[in-house]
>>> print(open('input-v3.cif').read())   # mmCIF, C-alpha atoms and all ligand atoms
data_entry
loop_
_atom_site.label_atom_id
_atom_site.label_comp_id
_atom_site.auth_asym_id
_atom_site.auth_seq_id
_atom_site.Cartn_x
_atom_site.Cartn_y
_atom_site.Cartn_z
CA MET A 1 229.50 31.86 182.05
CA LEU A 2 233.08 31.88 183.24
CA SER A 3 235.77 30.64 180.84
CA GLU A 4 237.52 27.40 181.76
CA ARG A 5 240.79 29.23 182.29
CA ALA A 6 239.23 31.78 184.64
CA GLU A 7 237.51 28.99 186.56
CA GLU A 8 240.81 27.17 186.95
CA ILE A 9 242.54 30.29 188.33
CA LEU A 10 239.63 31.00 190.66
CA GLU A 11 239.73 27.45 192.06
CA ALA A 12 243.47 27.66 192.63
CA LEU A 13 243.09 30.96 194.51
CA TRP A 14 240.33 29.57 196.72
CA ILE A 15 242.41 26.50 197.61
CA GLN A 16 245.35 28.70 198.57
CA LEU A 17 243.17 30.93 200.73
CA GLU A 18 240.72 28.47 202.31
CA GLU A 19 242.72 25.26 202.51
CA GLN A 20 246.35 26.30 202.61
CA GLY A 21 245.79 29.49 204.62
CA LYS A 22 248.08 31.55 202.41
CA LYS A 23 248.12 35.30 202.92
CA GLN A 24 249.83 36.13 199.66
CA LEU A 25 247.88 34.57 196.81
CA ASP A 26 249.74 33.32 193.79
CA LEU A 27 247.84 33.75 190.54
CA GLY A 28 249.74 31.05 188.74
CA ALA A 29 249.21 33.17 185.64
CA SER A 30 250.47 36.39 184.25
CA ARG A 31 248.70 39.43 185.69
CA ASP A 32 247.45 40.71 182.36
CA GLU A 33 246.00 37.48 181.04
CA PRO A 34 242.45 37.91 179.68
CA ALA A 35 241.12 35.42 182.25
CA ILE A 36 242.29 37.75 185.03
CA GLU A 37 240.47 40.68 183.44
CA GLU A 38 237.39 38.50 183.26
CA LEU A 39 237.56 37.72 186.98
CA ILE A 40 238.04 41.39 187.84
CA ARG A 41 235.15 42.46 185.62
CA LEU A 42 232.83 39.97 187.32
CA GLY A 43 233.83 41.24 190.76
CA PHE A 44 235.39 37.92 191.74
CA ILE A 45 238.89 39.23 192.44
CA ARG A 46 240.57 42.56 193.02
CA ARG A 47 244.08 43.35 191.90
CA ASP A 48 246.22 45.81 193.85
CA LEU A 49 249.72 46.80 193.00
CA ASP A 50 251.22 43.77 194.72
CA HIS A 51 248.22 41.78 195.99
CA ILE A 52 245.44 39.64 194.61
CA HIS A 53 242.26 39.56 196.70
CA LEU A 54 239.59 36.93 196.36
CA LEU A 55 236.29 38.75 196.92
CA GLU A 56 233.18 37.32 198.57
CA LYS A 57 231.39 36.76 195.28
CA GLY A 58 234.47 35.02 193.94
CA LYS A 59 234.70 32.77 197.00
CA ILE A 60 231.14 31.55 196.57
CA HIS A 61 231.70 30.80 192.91
CA ALA A 62 235.09 29.20 193.59
CA SER A 63 233.78 26.85 196.25
CA ALA A 64 231.09 25.67 193.81
CA CYS A 65 233.79 25.05 191.19
CA VAL A 66 235.90 23.07 193.64
CA ARG A 67 232.82 21.06 194.56
CA ARG A 68 232.14 20.22 190.91
CA HIS A 69 235.77 19.37 190.31
CA ARG A 70 235.96 16.95 193.24
CA LEU A 71 232.58 15.40 192.49
CA ALA A 72 233.74 14.87 188.92
CA GLU A 73 236.80 13.09 190.31
CA ARG A 74 234.60 10.84 192.45
CA LEU A 75 232.36 10.06 189.54
CA LEU A 76 235.33 9.19 187.34
CA ALA A 77 237.06 7.10 189.97
CA ASP A 78 234.03 5.31 191.40
CA VAL A 79 231.69 4.88 188.50
CA PHE A 80 233.97 4.88 185.48
CA ASP A 81 236.98 3.38 187.23
CA VAL A 82 239.41 5.92 185.81
CA LYS A 83 242.89 5.40 187.22
CA LYS A 84 244.13 7.91 189.80
CA LYS A 85 247.12 8.82 187.66
CA ILE A 86 245.03 10.36 184.92
CA ILE A 87 242.13 11.59 187.03
CA ASP A 88 243.56 15.09 187.22
CA GLU A 89 243.66 15.64 183.49
CA VAL A 90 240.30 14.08 182.82
CA SER A 91 238.42 15.71 185.69
CA CYS A 92 239.48 19.22 184.68
CA LYS A 93 237.61 18.71 181.43
CA PHE A 94 234.84 16.75 183.01
CA GLU A 95 233.89 19.19 185.75
CA HIS A 96 232.62 21.64 183.14
CA LEU A 97 230.02 19.09 182.13
CA LEU A 98 228.68 19.10 185.66
CA HIS A 99 227.15 22.51 185.44
CA GLU A 100 224.90 24.15 187.98
CA GLY A 101 222.10 21.92 189.15
CA LEU A 102 223.55 18.73 187.79
CA GLU A 103 226.19 18.44 190.50
CA ASP A 104 223.58 17.88 193.20
CA ASN A 105 222.17 14.96 191.23
CA VAL A 106 225.62 13.48 190.89
CA CYS A 107 226.27 14.07 194.59
CA THR A 108 223.03 12.31 195.53
CA LEU A 109 223.78 9.50 193.11
CA LEU A 110 227.17 8.99 194.75
CA GLY A 111 225.76 9.03 198.29
CA HIS A 112 227.00 12.58 199.18
CA PRO A 113 230.71 11.75 199.35
CA LYS A 114 232.70 13.90 201.77
CA VAL A 115 236.12 13.68 200.14
CA CYS A 116 237.54 13.37 196.65
CA PRO A 117 239.78 10.43 195.64
CA HIS A 118 242.76 12.52 196.87
CA SER A 119 241.07 12.82 200.29
CA LYS A 120 240.42 16.55 199.84
CA PRO A 121 237.09 17.72 201.30
CA ILE A 122 234.20 18.25 198.89
CA PRO A 123 232.33 21.44 199.82
CA PRO A 124 228.79 20.26 200.69
CA GLY A 125 225.83 21.32 198.59
CA LYS A 126 222.16 21.84 199.28
CA CYS A 127 221.53 18.14 198.62
CA CYS A 128 223.95 17.11 201.40
CA ARG A 129 222.31 19.36 203.98
CA GLU A 130 218.82 18.18 203.11
CA LYS A 131 219.51 14.48 202.85
CA ILE A 132 218.47 13.76 206.44
CA ASN A 133 214.88 14.75 205.67
CA LYS A 134 214.70 13.26 202.25
CA LYS A 135 215.44 9.63 202.70
CA LEU A 136 213.40 8.73 199.66
CA LEU A 137 215.85 10.52 197.43
CA LYS A 138 218.57 8.11 198.45
CA PHE A 139 219.44 6.20 195.38
CA LEU A 140 222.91 4.93 195.96
CA ALA A 141 224.70 4.68 199.29
CA PRO A 142 227.40 2.70 201.05
CA LEU A 143 226.09 -0.34 202.90
CA SER A 144 227.19 1.28 206.16
CA ASP A 145 224.63 4.08 205.60
CA LEU A 146 221.68 1.77 205.04
CA GLU A 147 218.98 0.96 207.56
CA VAL A 148 218.21 -2.60 208.57
CA LYS A 149 216.02 -4.26 205.89
CA ASP A 150 217.15 -1.84 203.18
CA LYS A 151 217.87 -3.77 200.02
CA GLY A 152 219.20 -3.24 196.57
CA LYS A 153 221.85 -4.29 194.11
CA ILE A 154 225.55 -3.75 194.56
CA ALA A 155 226.53 -0.92 192.23
CA TYR A 156 230.27 -0.81 192.78
CA LEU A 157 233.01 -1.51 195.29
CA GLN A 158 235.34 1.09 196.65
CA ALA A 159 237.78 -1.02 198.61
CA LYS A 160 240.79 0.55 200.24
CA ASP A 161 243.22 -1.98 198.80
CA ARG A 162 243.53 -5.18 196.82
CA SER A 163 243.15 -7.51 199.82
CA GLN A 164 239.87 -5.89 200.85
CA MET A 165 238.66 -6.06 197.30
CA GLN A 166 239.57 -9.75 197.21
CA LYS A 167 237.68 -10.34 200.46
CA LEU A 168 234.53 -8.85 198.96
CA ILE A 169 234.86 -10.80 195.76
CA ASN A 170 235.40 -14.03 197.70
CA ILE A 171 232.07 -13.69 199.49
CA GLY A 172 230.34 -12.86 196.22
CA ALA A 173 229.81 -9.17 196.98
CA ILE A 174 230.24 -8.05 193.39
CA PRO A 175 228.42 -5.48 191.27
CA GLY A 176 224.99 -6.59 190.13
CA VAL A 177 224.13 -9.00 192.96
CA SER A 178 221.17 -8.39 195.29
CA ILE A 179 221.96 -7.56 198.89
CA VAL A 180 219.91 -6.96 202.07
CA LEU A 181 221.19 -5.40 205.26
CA LEU A 182 220.11 -7.46 208.28
CA GLN A 183 221.94 -5.90 211.20
CA ARG A 184 224.10 -2.84 211.90
CA PHE A 185 225.53 -3.59 215.32
CA PRO A 186 227.96 -4.91 216.61
CA SER A 187 228.90 -5.68 213.03
CA TYR A 188 227.23 -5.22 209.68
CA VAL A 189 225.41 -8.39 208.69
CA PHE A 190 224.02 -8.72 205.21
CA GLN A 191 222.59 -11.40 203.01
CA ILE A 192 223.58 -12.30 199.47
CA GLY A 193 221.61 -15.18 197.98
CA GLN A 194 221.14 -17.71 200.81
CA SER A 195 224.30 -16.75 202.67
CA GLN A 196 224.85 -14.23 205.42
CA PHE A 197 228.08 -12.40 206.10
CA ALA A 198 229.33 -10.13 208.86
CA VAL A 199 231.80 -7.35 208.10
CA ASP A 200 233.21 -4.36 209.97
CA LYS A 201 232.26 -0.79 209.24
CA GLU A 202 235.22 -0.16 206.96
CA LEU A 203 234.34 -3.03 204.68
CA ALA A 204 230.63 -2.16 204.83
CA SER A 205 231.40 1.37 203.72
CA SER A 206 233.20 0.10 200.65
CA ILE A 207 230.12 -1.65 199.23
CA TYR A 208 227.95 0.84 197.33
CA VAL A 209 224.36 -0.24 196.92
CA ARG A 210 221.78 0.99 194.42
CA LEU A 211 218.63 0.88 196.49
CA THR A 212 215.34 -0.69 195.51
CA LYS A 213 212.05 -0.54 197.37
ZN ZN B 301 240.97 15.33 194.20
ZN ZN B 302 225.10 16.01 198.42
#
>>> encode(input="input-v3.cif", output="structure tokens", more="lines below")
Ligand SMILES: [Zn+2]
Ligand SMILES: [Zn+2]
Amino acid sequence: MLSERAEEILEALWIQLEEQGKKQLDLGASRDEPAIEELIRLGFIRRDLDHIHLLEKGKIHASACVRRHRLAERLLADVFDVKKKIIDEVSCKFEHLLHEGLEDNVCTLLGHPKVCPHSKPIPPGKCCREKINKKLLKFLAPLSDLEVKDKGKIAYLQAKDRSQMQKLINIGAIPGVSIVLLQRFPSYVFQIGQSQFAVDKELASSIYVRLTK
């Protein structure tokens, strides 16, 4: 298994290459650090006199690391309510707990999120590509992704700001209450207790529901 340091360097290289389109990759580390040797030995990078190349094998591994990192951020922000300010420190440690195999469970649990809390794309996994065929696996999803008559309990809210959060709280859309989706168009209509409410897509997508049969 790759050391944490080597994983960190690999992720940084991938981001520079794939997301920032840099030609000249910056290692962010000294060239003779043991982590660099580790990456070379595994065939993940190649070091020329004045260039660092991210090799195909390294790219595949790096994109999986970035995926785990950003899923860890989502998990921390959405489920554990960790504040954005400290997410970076915590998620670096946390992503190593999400090792191979586990990340797809977390991804499914979170409703296959597309971006991290910093709005950076999360590289999709096998679970995201297969979700269309495997509706039964859906465990937690935003209200906007549910079908009419789907029901469950509100797991958490992911409102864009305080006023949206307040709006949801005012209508009683809070974690733990039962909710049923009644209509998707022209607005999302759902029922909580004996009351029905209509919201737009943005608000509907901020209510995460743990589904029940
Ligand atoms: Zn992020
Ligand atoms: Zn997924």
>>> closest_residue(input="input-v3.cif", among="A:Ala77, A:Ile87, A:Leu168, A:Leu13", to="His61 in chain A", atoms="all atoms listed in the file")
A:Leu13
>>> residues_near_point(input="input-v3.cif", point="(231.5, -5.1, 193.9)", cutoff="6 Å", atoms="all atoms listed in the file", output="list in words")
Tyr156, Leu157, Ala173, Ile174 and Pro175 of chain A
>>> write_last_selection(input="input-v3.cif", atoms="C-alpha atoms", output="tab-separated table (two decimals), in the frame of the given file")
chain	number	residue	atom	x	y	z
A	156	TYR	CA	230.27	-0.81	192.78
A	157	LEU	CA	233.01	-1.51	195.29
A	173	ALA	CA	229.81	-9.17	196.98
A	174	ILE	CA	230.24	-8.05	193.39
A	175	PRO	CA	228.42	-5.48	191.27
>>> atom_distance(input="input-v3.cif", atom1="CA of Lys126 in chain A", atom2="CA of Lys149 in chain A")
27.6 Å
>>> atom_distance(input="input-v3.cif", atom1="CA of Ala12 in chain A", atom2="CA of Ile60 in chain A")
13.5 Å
>>> residues_around(input="input-v3.cif", residues="Glu19 in chain A", least_positions_apart="4", cutoff="12 Å", atoms="all atoms listed in the file", output="VMD selection string")
chain A and resid 11 to 15 23 63 66 120 to 123
>>> residues_around(input="input-v3.cif", residues="range 200-203 of chain A", least_positions_apart="5", cutoff="9 Å", atoms="all atoms listed in the file", output="list of chain:residue names")
A:Leu143, A:Ser144, A:Ala159, A:Lys160, A:Gln164, A:Leu168, A:Arg184, A:Pro186, A:Ser187, A:Tyr188, A:Val189
>>> write_last_selection(input="input-v3.cif", atoms="C-alpha atoms", output="tab-separated table (two decimals), in the coordinates of the input")
chain	number	residue	atom	x	y	z
A	143	LEU	CA	226.09	-0.34	202.90
A	144	SER	CA	227.19	1.28	206.16
A	159	ALA	CA	237.78	-1.02	198.61
A	160	LYS	CA	240.79	0.55	200.24
A	164	GLN	CA	239.87	-5.89	200.85
A	168	LEU	CA	234.53	-8.85	198.96
A	184	ARG	CA	224.10	-2.84	211.90
A	186	PRO	CA	227.96	-4.91	216.61
A	187	SER	CA	228.90	-5.68	213.03
A	188	TYR	CA	227.23	-5.22	209.68
A	189	VAL	CA	225.41	-8.39	208.69
>>> closest_atom_pairs(input="input-v3.cif", of="chain A", to="ligand ZN 302 (chain B)", cutoff="8 Å", atoms="only C-alpha atoms and all ligand atoms", output="CSV")
residue,atom,partner,partner_atom,distance
A:Asp104,CA,B:ZN302,ZN,5.7
A:Asn105,CA,B:ZN302,ZN,7.8
A:Val106,CA,B:ZN302,ZN,8.0
A:Cys107,CA,B:ZN302,ZN,4.4
A:Thr108,CA,B:ZN302,ZN,5.1
A:Gly111,CA,B:ZN302,ZN,7.0
A:His112,CA,B:ZN302,ZN,4.0
A:Pro113,CA,B:ZN302,ZN,7.1
A:Pro124,CA,B:ZN302,ZN,6.1
A:Gly125,CA,B:ZN302,ZN,5.4
A:Lys126,CA,B:ZN302,ZN,6.6
A:Cys127,CA,B:ZN302,ZN,4.2
A:Cys128,CA,B:ZN302,ZN,3.4
A:Arg129,CA,B:ZN302,ZN,7.1
A:Lys131,CA,B:ZN302,ZN,7.3
>>> write_last_selection(input="input-v3.cif", atoms="C-alpha atoms", output="mmCIF file, keeping the file's coordinate frame")
data_model
loop_
_atom_site.group_PDB
_atom_site.id
_atom_site.type_symbol
_atom_site.label_atom_id
_atom_site.label_comp_id
_atom_site.auth_asym_id
_atom_site.auth_seq_id
_atom_site.Cartn_x
_atom_site.Cartn_y
_atom_site.Cartn_z
ATOM 1 C CA ASP A 104 223.580 17.880 193.200
ATOM 2 C CA ASN A 105 222.170 14.960 191.230
ATOM 3 C CA VAL A 106 225.620 13.480 190.890
ATOM 4 C CA CYS A 107 226.270 14.070 194.590
ATOM 5 C CA THR A 108 223.030 12.310 195.530
ATOM 6 C CA GLY A 111 225.760 9.030 198.290
ATOM 7 C CA HIS A 112 227.000 12.580 199.180
ATOM 8 C CA PRO A 113 230.710 11.750 199.350
ATOM 9 C CA PRO A 124 228.790 20.260 200.690
ATOM 10 C CA GLY A 125 225.830 21.320 198.590
ATOM 11 C CA LYS A 126 222.160 21.840 199.280
ATOM 12 C CA CYS A 127 221.530 18.140 198.620
ATOM 13 C CA CYS A 128 223.950 17.110 201.400
ATOM 14 C CA ARG A 129 222.310 19.360 203.980
ATOM 15 C CA LYS A 131 219.510 14.480 202.850
#
>>> residues_near_ligand(input="input-v3.cif", ligand="ligand ZN 301 (chain B)", cutoff="10 Å", atoms="only C-alpha atoms and all ligand atoms", output="list in words")
Val66, Arg67, His69, Arg70, Leu71, Ala72, Glu73, Arg74, Lys84, Ile87, Asp88, Ser91, Val115, Cys116, Pro117, His118, Ser119, Lys120, Pro121 and Ile122 of chain A
>>> closest_residue(input="input-v3.cif", among="A:Ala29, A:Leu39, A:Ile171, A:Leu140", to="Val79 in chain A", atoms="only C-alpha atoms")
A:Leu140
>>> residues_around(input="input-v3.cif", residues="Arg46 in chain A", least_positions_apart="4", cutoff="10 Å", atoms="only C-alpha atoms", output="list in words")
Ile36, Glu37, Leu39, Ile40, Arg41, Leu42, His51, Ile52, His53, Leu54, Leu55 and Gly58 of chain A
>>> atom_distance(input="input-v3.cif", atom1="CA of Ser206 in chain A", atom2="CA of Cys65 in chain A")
26.7 Å
>>> closest_residue(input="input-v3.cif", among="A:Gly21, A:Gly28, A:Gly193, A:Pro142", to="Ile9 in chain A", atoms="all atoms listed in the file")
A:Gly28
>>> closest_residue(input="input-v3.cif", among="A:Leu2, A:Gln196, A:Leu146, A:Glu130", to="His96 in chain A", atoms="only C-alpha atoms")
A:Leu2
>>> build_atoms(input="input-v3.cif", residues="range 182-198 of chain A", atoms="N, CA and C atoms", output="compact mmCIF listing (two decimals), in the coordinates of the input")
# COMPACT_ATOMS: atom_id res chain seq x y z
N LEU A 182 220.91 -6.81 207.24
CA LEU A 182 220.11 -7.46 208.28
C LEU A 182 220.37 -6.87 209.66
N GLN A 183 221.56 -6.36 209.86
CA GLN A 183 221.94 -5.90 211.20
C GLN A 183 223.05 -4.86 211.05
N ARG A 184 223.06 -3.87 211.98
CA ARG A 184 224.10 -2.84 211.90
C ARG A 184 225.10 -2.93 213.04
N PHE A 185 224.70 -3.59 214.13
CA PHE A 185 225.53 -3.59 215.32
C PHE A 185 225.50 -4.96 215.98
N PRO A 186 226.60 -5.46 216.51
CA PRO A 186 227.96 -4.91 216.61
C PRO A 186 228.75 -4.97 215.29
N SER A 187 228.26 -5.75 214.34
CA SER A 187 228.90 -5.68 213.03
C SER A 187 227.80 -5.61 211.98
N TYR A 188 228.19 -5.31 210.76
CA TYR A 188 227.23 -5.22 209.68
C TYR A 188 226.99 -6.61 209.11
N VAL A 189 225.76 -7.07 209.22
CA VAL A 189 225.41 -8.39 208.69
C VAL A 189 224.51 -8.19 207.48
N PHE A 190 224.86 -8.85 206.40
CA PHE A 190 224.02 -8.72 205.21
C PHE A 190 223.86 -10.08 204.56
N GLN A 191 222.88 -10.14 203.69
CA GLN A 191 222.59 -11.40 203.01
C GLN A 191 222.76 -11.23 201.51
N ILE A 192 223.46 -12.21 200.92
CA ILE A 192 223.58 -12.30 199.47
C ILE A 192 223.16 -13.71 199.11
N GLY A 193 222.14 -13.85 198.29
CA GLY A 193 221.61 -15.18 197.98
C GLY A 193 221.12 -15.81 199.27
N GLN A 194 221.57 -17.04 199.58
CA GLN A 194 221.14 -17.71 200.81
C GLN A 194 222.15 -17.53 201.93
N SER A 195 223.23 -16.83 201.67
CA SER A 195 224.30 -16.75 202.67
C SER A 195 224.32 -15.40 203.38
N GLN A 196 224.70 -15.46 204.65
CA GLN A 196 224.85 -14.23 205.42
C GLN A 196 226.30 -14.02 205.78
N PHE A 197 226.68 -12.75 205.80
CA PHE A 197 228.08 -12.40 206.10
C PHE A 197 228.10 -11.25 207.09
N ALA A 198 229.14 -11.24 207.94
CA ALA A 198 229.33 -10.13 208.86
C ALA A 198 230.63 -9.42 208.50
